[in-house]
$ cat data-v4.txt   # compact mmCIF, C-alpha atoms
# COMPACT_ATOMS: atom_id res chain seq x y z
CA MET X 1 -25.30 12.10 25.37
CA ASN X 2 -22.71 12.46 22.64
CA THR X 3 -24.29 10.34 19.90
CA GLN X 4 -22.70 10.17 16.47
CA SER X 5 -22.40 7.69 13.66
CA ALA X 6 -19.72 5.04 14.06
CA PRO X 7 -17.88 6.20 10.89
CA ASP X 8 -17.79 9.76 12.23
CA PHE X 9 -16.23 8.55 15.48
CA TYR X 10 -13.63 6.33 13.84
CA VAL X 11 -12.49 8.80 11.20
CA ASN X 12 -10.68 10.77 13.93
CA HIS X 13 -7.37 9.82 15.48
CA GLY X 14 -6.89 8.55 18.98
CA GLU X 15 -3.73 9.00 21.01
CA TRP X 16 -2.06 5.93 19.49
CA SER X 17 -2.90 6.53 15.83
CA ASP X 18 -2.18 10.26 15.66
CA PRO X 19 0.99 11.03 13.62
CA ARG X 20 0.94 14.59 14.99
CA ALA X 21 3.64 16.81 13.47
CA LEU X 22 4.64 14.12 10.97
CA LYS X 23 1.19 13.71 9.39
CA TRP X 24 2.50 15.18 6.14
CA ALA X 25 4.42 11.92 5.59
CA PHE X 26 1.12 10.23 4.70
CA ASP X 27 0.10 12.74 2.04
CA ASP X 28 1.55 10.91 -0.97
CA ILE X 29 0.11 7.49 -0.09
CA GLU X 30 -2.79 6.51 -2.33
CA ALA X 31 -6.01 6.62 -0.31
CA LYS X 32 -7.15 3.09 -1.08
CA PRO X 33 -7.07 0.19 1.41
CA ALA X 34 -4.99 -2.11 -0.81
CA ALA X 35 -2.48 0.65 -1.58
CA ILE X 36 -2.22 1.61 2.09
CA ALA X 37 -1.63 -2.01 3.06
CA ALA X 38 1.07 -2.33 0.40
CA THR X 39 2.79 0.77 1.78
CA VAL X 40 2.77 -0.65 5.30
CA GLN X 41 4.20 -3.93 4.00
CA GLY X 42 7.09 -2.00 2.49
CA LEU X 43 7.94 -0.43 5.84
CA LEU X 44 7.49 -3.20 8.41
CA LEU X 45 8.54 -6.84 8.77
CA HIS X 46 6.77 -9.21 11.14
CA ASP X 47 8.80 -10.21 14.20
CA TYR X 48 8.18 -13.96 13.74
CA PHE X 49 7.50 -14.49 10.04
CA GLY X 50 10.23 -12.04 9.10
CA SER X 51 12.99 -14.51 9.87
CA HIS X 52 11.11 -17.46 8.32
CA LEU X 53 9.82 -16.07 5.03
CA TYR X 54 12.51 -13.62 3.93
CA ALA X 55 16.12 -14.25 2.97
CA ASP X 56 17.53 -10.99 4.36
CA PRO X 57 15.64 -9.81 7.46
CA PRO X 58 16.79 -6.91 9.68
CA ASP X 59 19.73 -7.63 11.96
CA GLU X 60 17.58 -6.96 15.05
CA ILE X 61 14.81 -9.39 14.05
CA ASP X 62 15.44 -11.64 17.08
CA THR X 63 15.99 -8.89 19.65
CA ALA X 64 13.53 -6.16 18.63
CA SER X 65 10.99 -5.08 21.22
CA ARG X 66 7.44 -6.39 20.84
CA SER X 67 6.03 -3.25 22.47
CA THR X 68 3.75 -1.25 20.20
CA LEU X 69 4.82 2.34 19.60
CA PRO X 70 2.38 5.22 19.08
CA ILE X 71 2.49 6.28 15.44
CA ALA X 72 4.05 9.63 16.33
CA GLU X 73 6.99 7.69 17.78
CA ARG X 74 7.04 4.98 15.11
CA LEU X 75 7.34 7.31 12.12
CA PRO X 76 10.80 8.76 12.93
CA THR X 77 12.23 5.22 13.17
CA LEU X 78 11.46 4.31 9.57
CA HIS X 79 14.55 3.90 7.39
CA ASP X 80 15.54 6.97 5.36
CA PHE X 81 12.57 8.86 6.74
CA GLY X 82 12.65 12.37 5.30
CA ASN X 83 14.78 11.35 2.30
CA THR X 84 12.29 9.07 0.55
CA THR X 85 8.52 8.89 0.67
CA LEU X 86 6.83 6.21 2.76
CA SER X 87 5.34 4.64 -0.36
CA ASP X 88 8.86 3.73 -1.52
CA ALA X 89 9.27 0.18 -0.22
CA ARG X 90 12.40 -0.50 1.84
CA SER X 91 14.47 -3.62 1.32
CA THR X 92 13.53 -6.34 3.79
CA LYS X 93 16.76 -5.76 5.70
CA ASN X 94 15.92 -2.09 6.21
CA ARG X 95 12.33 -2.49 7.37
CA ARG X 96 11.34 -1.95 10.97
CA VAL X 97 10.44 -5.03 12.99
CA GLY X 98 6.88 -5.11 14.30
CA THR X 99 4.02 -7.31 15.45
CA CYS X 100 0.63 -7.76 13.81
CA ARG X 101 -0.66 -4.83 15.87
CA ASP X 102 2.00 -2.51 14.44
CA PHE X 103 0.80 -3.38 10.94
CA ALA X 104 -2.81 -2.76 11.97
CA LEU X 105 -2.15 0.50 13.81
CA LEU X 106 -0.07 2.03 11.01
CA THR X 107 -2.74 1.02 8.48
CA CYS X 108 -5.44 2.59 10.65
CA SER X 109 -3.43 5.79 11.08
CA ILE X 110 -2.89 6.27 7.35
CA MET X 111 -6.55 5.58 6.63
CA ARG X 112 -7.76 8.11 9.18
CA HIS X 113 -5.34 10.66 7.77
CA HIS X 114 -7.05 10.24 4.40
CA GLY X 115 -10.54 10.51 5.87
CA ILE X 116 -11.31 6.78 5.80
CA PRO X 117 -13.04 5.71 9.04
CA SER X 118 -11.03 2.83 10.49
CA ARG X 119 -10.37 1.00 13.72
CA VAL X 120 -7.86 -1.52 15.03
CA ARG X 121 -9.33 -4.87 16.06
CA CYS X 122 -8.07 -7.63 18.33
CA GLY X 123 -9.52 -11.06 17.72
CA PHE X 124 -8.88 -14.52 16.35
CA ALA X 125 -7.80 -15.40 12.80
CA ARG X 126 -8.43 -18.81 11.23
CA TYR X 127 -5.85 -18.51 8.46
CA PHE X 128 -2.70 -19.15 10.47
CA HIS X 129 -3.36 -22.60 11.98
CA PRO X 130 -6.75 -23.84 10.77
CA PRO X 131 -9.06 -25.09 12.09
CA THR X 132 -7.98 -23.26 15.26
CA PHE X 133 -8.21 -19.49 15.62
CA GLU X 134 -5.01 -17.59 16.45
CA ASP X 135 -4.75 -14.38 18.48
CA HIS X 136 -4.29 -11.59 15.93
CA TRP X 137 -4.69 -7.84 15.27
CA THR X 138 -6.09 -6.34 12.07
CA CYS X 139 -7.73 -3.14 10.84
CA GLU X 140 -11.31 -2.47 9.81
CA TYR X 141 -12.33 0.32 7.45
CA TRP X 142 -15.71 1.73 6.50
CA ASP X 143 -16.99 1.12 2.99
CA PRO X 144 -19.55 3.89 2.32
CA ARG X 145 -20.85 2.22 -0.84
CA ASN X 146 -22.04 -0.87 1.04
CA ARG X 147 -22.41 0.92 4.37
CA SER X 148 -20.44 -1.79 6.11
CA TRP X 149 -17.10 -2.45 7.79
CA LYS X 150 -14.47 -4.40 5.88
CA MET X 151 -11.22 -5.83 7.17
CA VAL X 152 -7.72 -5.43 5.79
CA ASP X 153 -4.77 -7.46 7.08
CA ALA X 154 -1.67 -5.54 6.06
CA GLN X 155 0.63 -8.20 7.51
CA LEU X 156 -0.42 -10.57 4.72
CA ASP X 157 1.98 -9.65 1.96
CA HIS X 158 2.84 -11.92 -0.96
CA ALA X 159 5.18 -14.09 1.13
CA HIS X 160 2.50 -14.64 3.78
CA VAL X 161 -0.17 -15.35 1.18
CA GLU X 162 1.98 -18.00 -0.48
CA HIS X 163 3.17 -19.55 2.79
CA LEU X 164 -0.32 -19.71 4.31
CA SER X 165 -2.07 -20.66 1.04
CA ILE X 166 -4.46 -17.74 1.38
CA ALA X 167 -7.02 -17.50 -1.41
CA PHE X 168 -9.06 -14.49 -0.27
CA ASP X 169 -8.59 -10.77 -0.87
CA THR X 170 -6.43 -9.59 2.04
CA SER X 171 -7.94 -6.10 1.82
CA ASN X 172 -11.41 -7.61 2.29
CA VAL X 173 -10.93 -10.51 4.72
CA PRO X 174 -14.03 -12.77 4.77
CA LYS X 175 -16.03 -12.61 7.99
CA GLU X 176 -15.59 -16.30 8.76
CA GLU X 177 -11.80 -15.92 8.68
CA PHE X 178 -11.60 -13.51 11.60
CA LEU X 179 -13.82 -13.63 14.69
CA PHE X 180 -14.19 -10.88 17.26
CA PRO X 181 -13.90 -11.95 20.92
CA TRP X 182 -17.50 -10.97 21.70
CA GLU X 183 -18.67 -13.25 18.87
CA VAL X 184 -16.60 -16.12 20.27
CA TRP X 185 -17.95 -15.50 23.76
CA GLU X 186 -21.54 -15.24 22.61
CA ALA X 187 -21.28 -18.45 20.57
CA HIS X 188 -19.47 -20.60 23.15
CA ARG X 189 -20.31 -19.26 26.61
CA SER X 190 -22.52 -22.25 27.30
CA GLN X 191 -19.82 -24.70 26.13
CA MET X 192 -16.57 -23.35 27.54
CA GLU X 193 -14.57 -26.37 26.44
CA ARG X 194 -14.79 -25.10 22.85
CA LEU X 195 -12.76 -22.03 23.78
CA VAL X 196 -9.62 -24.21 23.64
CA ALA X 197 -9.63 -23.52 19.88
CA PHE X 198 -8.94 -19.83 20.50
CA GLY X 199 -5.68 -18.36 21.72
CA HIS X 200 -1.98 -17.76 21.16
CA GLY X 201 0.01 -20.93 20.57
CA ASP X 202 -0.41 -23.09 23.68
CA ALA X 203 -2.12 -20.23 25.57
CA THR X 204 -5.76 -20.98 24.82
CA GLY X 205 -9.16 -21.26 26.39
CA PHE X 206 -11.38 -19.17 28.62
CA TRP X 207 -8.67 -17.07 30.21
CA PHE X 208 -7.18 -16.00 26.89
CA VAL X 209 -10.56 -15.15 25.38
CA ARG X 210 -11.07 -12.97 28.47
CA VAL X 211 -7.83 -11.14 27.64
CA ASN X 212 -8.91 -10.45 24.08
CA LEU X 213 -12.39 -9.36 25.13
CA ALA X 214 -10.69 -6.60 27.12
CA ARG X 215 -8.14 -5.71 24.46
CA ASP X 216 -10.69 -5.50 21.66
CA PHE X 217 -13.08 -3.42 23.78
CA LEU X 218 -10.26 -0.99 24.58
CA ALA X 219 -9.21 -0.85 20.91
CA LEU X 220 -12.80 0.05 19.98
CA ASN X 221 -12.32 2.96 22.38
CA LYS X 222 -9.07 3.90 20.59
CA VAL X 223 -6.83 2.46 23.30
CA GLU X 224 -4.85 0.05 21.15
CA ALA X 225 -2.23 -0.96 23.74
CA SER X 226 -2.74 -1.49 27.45
CA SER X 227 -1.64 -3.41 30.52
CA TRP X 228 -3.65 -6.38 29.22
CA ASP X 229 -0.70 -6.97 26.87
CA THR X 230 1.18 -8.37 29.89
CA TRP X 231 -1.05 -11.48 29.79
CA ARG X 232 2.05 -13.69 30.01
CA ASP X 233 2.53 -12.45 33.61
CA GLN X 234 -0.56 -14.26 34.84
CA VAL X 235 -0.26 -17.16 37.26
CA ASP X 236 -2.72 -20.04 37.45
CA ASP X 237 -4.93 -18.32 40.03
CA ASP X 238 -5.37 -15.36 37.65
CA LYS X 239 -6.82 -17.66 34.99
CA LEU X 240 -9.63 -19.13 37.08
CA MET X 241 -13.19 -19.08 35.82
CA ASN X 242 -15.41 -17.72 38.59
CA ASP X 243 -18.56 -15.63 38.86
CA SER X 244 -16.62 -12.36 38.82
CA ALA X 245 -14.63 -13.33 35.72
CA LEU X 246 -17.76 -14.50 33.91
CA ALA X 247 -19.58 -11.28 34.75
CA GLU X 248 -16.66 -9.22 33.44
CA CYS X 249 -16.62 -11.19 30.17
CA ASP X 250 -20.38 -10.75 29.78
CA GLU X 251 -20.05 -7.00 30.30
CA LEU X 252 -17.15 -6.64 27.86
CA ALA X 253 -18.93 -8.72 25.22
CA ARG X 254 -22.08 -6.57 25.46
CA ALA X 255 -20.03 -3.39 25.20
CA ALA X 256 -18.01 -4.50 22.17
CA LYS X 257 -21.17 -5.75 20.44
CA TYR X 258 -22.72 -2.31 21.00
CA PHE X 259 -19.85 -0.62 19.12
CA ASP X 260 -20.01 -3.26 16.38
CA THR X 261 -23.73 -3.35 15.72
CA SER X 262 -25.02 0.17 16.44
CA ASP X 263 -25.46 2.69 13.61
CA GLN X 264 -25.33 5.52 16.14
CA ILE X 265 -23.00 5.27 19.12
CA ASP X 266 -22.23 7.33 22.17
CA PRO X 267 -18.46 7.02 22.62
CA THR X 268 -18.82 8.11 26.25
CA SER X 269 -21.34 5.38 27.11
CA TYR X 270 -18.68 2.96 28.31
CA GLU X 271 -16.13 5.41 29.71
CA GLU X 272 -16.55 4.02 33.21
CA LEU X 273 -15.98 0.46 31.99
CA ALA X 274 -12.93 1.53 29.97
CA GLN X 275 -11.43 3.16 33.06
CA ARG X 276 -12.30 0.23 35.30
CA ILE X 277 -10.92 -2.34 32.88
CA GLY X 278 -7.78 -0.35 32.06
CA LYS X 279 -5.79 -2.34 34.60
CA PRO X 280 -6.20 -6.14 34.39
CA HIS X 281 -7.13 -8.25 37.37
CA TRP X 282 -3.61 -9.66 37.84
CA GLN X 283 -2.25 -6.14 38.41
CA THR X 284 -4.82 -5.02 40.99
$ encode --input "data-v4.txt" --output "structure tokens"
Amino acid sequence: MNTQSAPDFYVNHGEWSDPRALKWAFDDIEAKPAAIAATVQGLLLHDYFGSHLYADPPDEIDTASRSTLPIAERLPTLHDFGNTTLSDARSTKNRRVGTCRDFALLTCSIMRHHGIPSRVRCGFARYFHPPTFEDHWTCEYWDPRNRSWKMVDAQLDHAHVEHLSIAFDTSNVPKEEFLFPWEVWEAHRSQMERLVAFGHGDATGFWFVRVNLARDFLALNKVEASSWDTWRDQVDDDKLMNDSALAECDELARAAKYFDTSDQIDPTSYEELAQRIGKPHWQT
């Protein structure tokens, strides 16, 4: 047994969040969630909203890779890195193009550097296309005063807030605005037809919730990117709902709920599942 409090586990870097030799670049960033989110917003531009909400996006906005980079590889790509501090916002044209997960991972990395327990989450946000819930990545951080996890969505800068008519504090996203996959599964397992409200654009329903159950579980184990990100490669047979698929979803939901609801966790308790689930069923 390797039991420890959840905040103690999530205050330490994983392979993806570790800035390694460039950790000094985070030193001057104010160690507050809202300030960290503002810094991230000044460095990255979203790959879709960037060309819709800003007058002068980067030239590579339409061709940039959607693959998430480990923070140690992301940091050297930032414009004028080494000449200006990261808290100096870049012009929109000179920001790096990223997805929602890049925003979440960079936020998580900076928080951990400053001793704030944090973790990247994959789930479903209601604030993009209500009343449906859109596939999305955000970052949770531990609030020691209330002894609870809060959520910050660093992608939601002023342009997003105005465009999406968001009225809540983006550094403390209300619980009803973002649902974890295990919560969705637990609430709707007996009525699968309701899962059509959860997904990515036209990719919705049981099979997509299954994808995010795996991705969120892996993120809780500090594996923020995996082969499950190739979900577009699935064919119809890969999306079938059968006893094996249902059992896998049940197991993943129980595991993620354990990390979410336990005051004391054993990070090694689901190592076997993490290894087994590391490669998705359409790649086996």
$ closest_residue --input "data-v4.txt" --among "X:Phe168, X:Tyr141, X:Tyr10, X:Trp185" --to "Ala37 in chain X" --atoms "all atoms listed in the file"
X:Tyr141
$ closest_residue --input "data-v4.txt" --among "X:Pro181, X:Pro144, X:Pro174, X:Gly98" --to "Phe124 in chain X" --atoms "only C-alpha atoms"
X:Pro181
$ residues_around --input "data-v4.txt" --residues "range 242-256 of chain X" --least-positions-apart "6" --cutoff "9 Å" --atoms "all atoms listed in the file" --output "PyMOL selection string"
chain X and resi 180-183+185-186+207+209-210+213-214+216-218+220+270+273+277
$ atom_distance --input "data-v4.txt" --atom1 "CA of Ser17 in chain X" --atom2 "CA of Pro76 in chain X"
14.2 Å
$ closest_residue --input "data-v4.txt" --among "X:His113, X:Lys279, X:His158, X:Arg126" --to "Phe198 in chain X" --atoms "all atoms listed in the file"
X:Arg126
$ atom_distance --input "data-v4.txt" --atom1 "CA of Gln234 in chain X" --atom2 "CA of Phe133 in chain X"
21.3 Å
$ closest_residue --input "data-v4.txt" --among "X:Leu164, X:Leu156, X:Met151, X:Ala219" --to "Leu179 in chain X" --atoms "all atoms listed in the file"
X:Met151
$ closest_residue --input "data-v4.txt" --among "X:Thr85, X:Thr92, X:Ser227, X:Thr138" --to "Leu105 in chain X" --atoms "all atoms listed in the file"
X:Thr138
$ atom_distance --input "data-v4.txt" --atom1 "CA of Ile71 in chain X" --atom2 "CA of Ala21 in chain X"
10.8 Å
$ closest_atom_pairs --input "data-v4.txt" --of "range 123-214 of chain X" --to "range 25-35 of chain X" --cutoff "9 Å" --atoms "all atoms listed in the file" --output "JSON lines"
{"residue": "X:Tyr141", "atom": "CA", "partner": "X:Pro33", "partner_atom": "CA", "distance": 8.0}
{"residue": "X:Val152", "atom": "CA", "partner": "X:Pro33", "partner_atom": "CA", "distance": 7.2}
{"residue": "X:Ala154", "atom": "CA", "partner": "X:Ala34", "partner_atom": "CA", "distance": 8.4}
{"residue": "X:Thr170", "atom": "CA", "partner": "X:Ala34", "partner_atom": "CA", "distance": 8.1}
{"residue": "X:Ser171", "atom": "CA", "partner": "X:Ala34", "partner_atom": "CA", "distance": 5.6}
{"residue": "X:Asn172", "atom": "CA", "partner": "X:Pro33", "partner_atom": "CA", "distance": 9.0}
$ residues_near_point --input "data-v4.txt" --point "(0.0, 6.8, 22.5)" --cutoff "12 Å" --atoms "all atoms listed in the file" --output "PyMOL selection string"
chain X and resi 13-20+67-74+105+109+222-226
$ closest_residue --input "data-v4.txt" --among "X:Val161, X:Val211, X:Ala125, X:Val40" --to "Asp88 in chain X" --atoms "all atoms listed in the file"
X:Val40
$ residues_around --input "data-v4.txt" --residues "Trp231 in chain X" --least-positions-apart "4" --cutoff "10 Å" --atoms "only C-alpha atoms" --output "ChimeraX atom specification"
/X:203,207-208,211-212,227,235,238-239,280,282
$ residues_around --input "data-v4.txt" --residues "Asp143 in chain X" --least-positions-apart "3" --cutoff "10 Å" --atoms "only C-alpha atoms" --output "list in words"
Pro7, Ile116, Pro117, Ser118, Glu140, Asn146, Arg147, Ser148, Trp149, Lys150 and Met151 of chain X
$ residues_around --input "data-v4.txt" --residues "Ser5 in chain X" --least-positions-apart "5" --cutoff "10 Å" --atoms "all atoms listed in the file" --output "list in words"
Tyr10, Ser262, Asp263, Gln264, Ile265, Asp266 and Pro267 of chain X
$ residues_around --input "data-v4.txt" --residues "His160 in chain X" --least-positions-apart "3" --cutoff "10 Å" --atoms "all atoms listed in the file" --output "PyMOL selection string"
chain X and resi 49-50+53+128+155-157+163-166
$ build_atoms --input "data-v4.txt" --residues "range 8-24 of chain X" --atoms "N, CA and C atoms" --output "PDB file, keeping the file's coordinate frame"
ATOM      1  N   ASP X   8     -18.233   8.441  11.795  1.00  0.00           N
ATOM      2  CA  ASP X   8     -17.790   9.760  12.230  1.00  0.00           C
ATOM      3  C   ASP X   8     -16.849   9.667  13.426  1.00  0.00           C
ATOM      4  N   PHE X   9     -17.099   8.716  14.313  1.00  0.00           N
ATOM      5  CA  PHE X   9     -16.230   8.550  15.480  1.00  0.00           C
ATOM      6  C   PHE X   9     -14.873   7.994  15.075  1.00  0.00           C
ATOM      7  N   TYR X  10     -14.869   7.016  14.161  1.00  0.00           N
ATOM      8  CA  TYR X  10     -13.630   6.330  13.840  1.00  0.00           C
ATOM      9  C   TYR X  10     -12.827   6.971  12.714  1.00  0.00           C
ATOM     10  N   VAL X  11     -13.296   8.085  12.196  1.00  0.00           N
ATOM     11  CA  VAL X  11     -12.490   8.800  11.200  1.00  0.00           C
ATOM     12  C   VAL X  11     -11.440   9.665  11.880  1.00  0.00           C
ATOM     13  N   ASN X  12     -11.599   9.906  13.181  1.00  0.00           N
ATOM     14  CA  ASN X  12     -10.680  10.770  13.930  1.00  0.00           C
ATOM     15  C   ASN X  12      -9.646   9.940  14.688  1.00  0.00           C
ATOM     16  N   HIS X  13      -8.457  10.506  14.794  1.00  0.00           N
ATOM     17  CA  HIS X  13      -7.370   9.820  15.480  1.00  0.00           C
ATOM     18  C   HIS X  13      -7.627   9.710  16.978  1.00  0.00           C
ATOM     19  N   GLY X  14      -7.051   8.654  17.548  1.00  0.00           N
ATOM     20  CA  GLY X  14      -6.890   8.550  18.980  1.00  0.00           C
ATOM     21  C   GLY X  14      -5.433   8.821  19.317  1.00  0.00           C
ATOM     22  N   GLU X  15      -5.105   8.700  20.577  1.00  0.00           N
ATOM     23  CA  GLU X  15      -3.730   9.000  21.010  1.00  0.00           C
ATOM     24  C   GLU X  15      -2.707   8.125  20.300  1.00  0.00           C
ATOM     25  N   TRP X  16      -3.032   6.860  20.063  1.00  0.00           N
ATOM     26  CA  TRP X  16      -2.060   5.930  19.490  1.00  0.00           C
ATOM     27  C   TRP X  16      -1.903   6.102  17.993  1.00  0.00           C
ATOM     28  N   SER X  17      -2.959   6.463  17.291  1.00  0.00           N
ATOM     29  CA  SER X  17      -2.900   6.530  15.830  1.00  0.00           C
ATOM     30  C   SER X  17      -2.475   7.888  15.295  1.00  0.00           C
ATOM     31  N   ASP X  18      -2.436   8.899  16.119  1.00  0.00           N
ATOM     32  CA  ASP X  18      -2.180  10.260  15.660  1.00  0.00           C
ATOM     33  C   ASP X  18      -0.705  10.460  15.279  1.00  0.00           C
ATOM     34  N   PRO X  19      -0.412  10.788  14.025  1.00  0.00           N
ATOM     35  CA  PRO X  19       0.990  11.030  13.620  1.00  0.00           C
ATOM     36  C   PRO X  19       1.504  12.393  14.040  1.00  0.00           C
ATOM     37  N   ARG X  20       0.607  13.254  14.500  1.00  0.00           N
ATOM     38  CA  ARG X  20       0.940  14.590  14.990  1.00  0.00           C
ATOM     39  C   ARG X  20       1.743  15.391  13.966  1.00  0.00           C
ATOM     40  N   ALA X  21       2.895  15.890  14.342  1.00  0.00           N
ATOM     41  CA  ALA X  21       3.640  16.810  13.470  1.00  0.00           C
ATOM     42  C   ALA X  21       4.126  16.143  12.182  1.00  0.00           C
ATOM     43  N   LEU X  22       4.129  14.825  12.145  1.00  0.00           N
ATOM     44  CA  LEU X  22       4.640  14.120  10.970  1.00  0.00           C
ATOM     45  C   LEU X  22       3.516  13.638  10.043  1.00  0.00           C
ATOM     46  N   LYS X  23       2.320  14.171  10.203  1.00  0.00           N
ATOM     47  CA  LYS X  23       1.190  13.710   9.390  1.00  0.00           C
ATOM     48  C   LYS X  23       1.415  13.936   7.891  1.00  0.00           C
ATOM     49  N   TRP X  24       2.229  14.903   7.557  1.00  0.00           N
ATOM     50  CA  TRP X  24       2.500  15.180   6.140  1.00  0.00           C
ATOM     51  C   TRP X  24       3.133  13.985   5.428  1.00  0.00           C
TER      52      TRP X  24
END
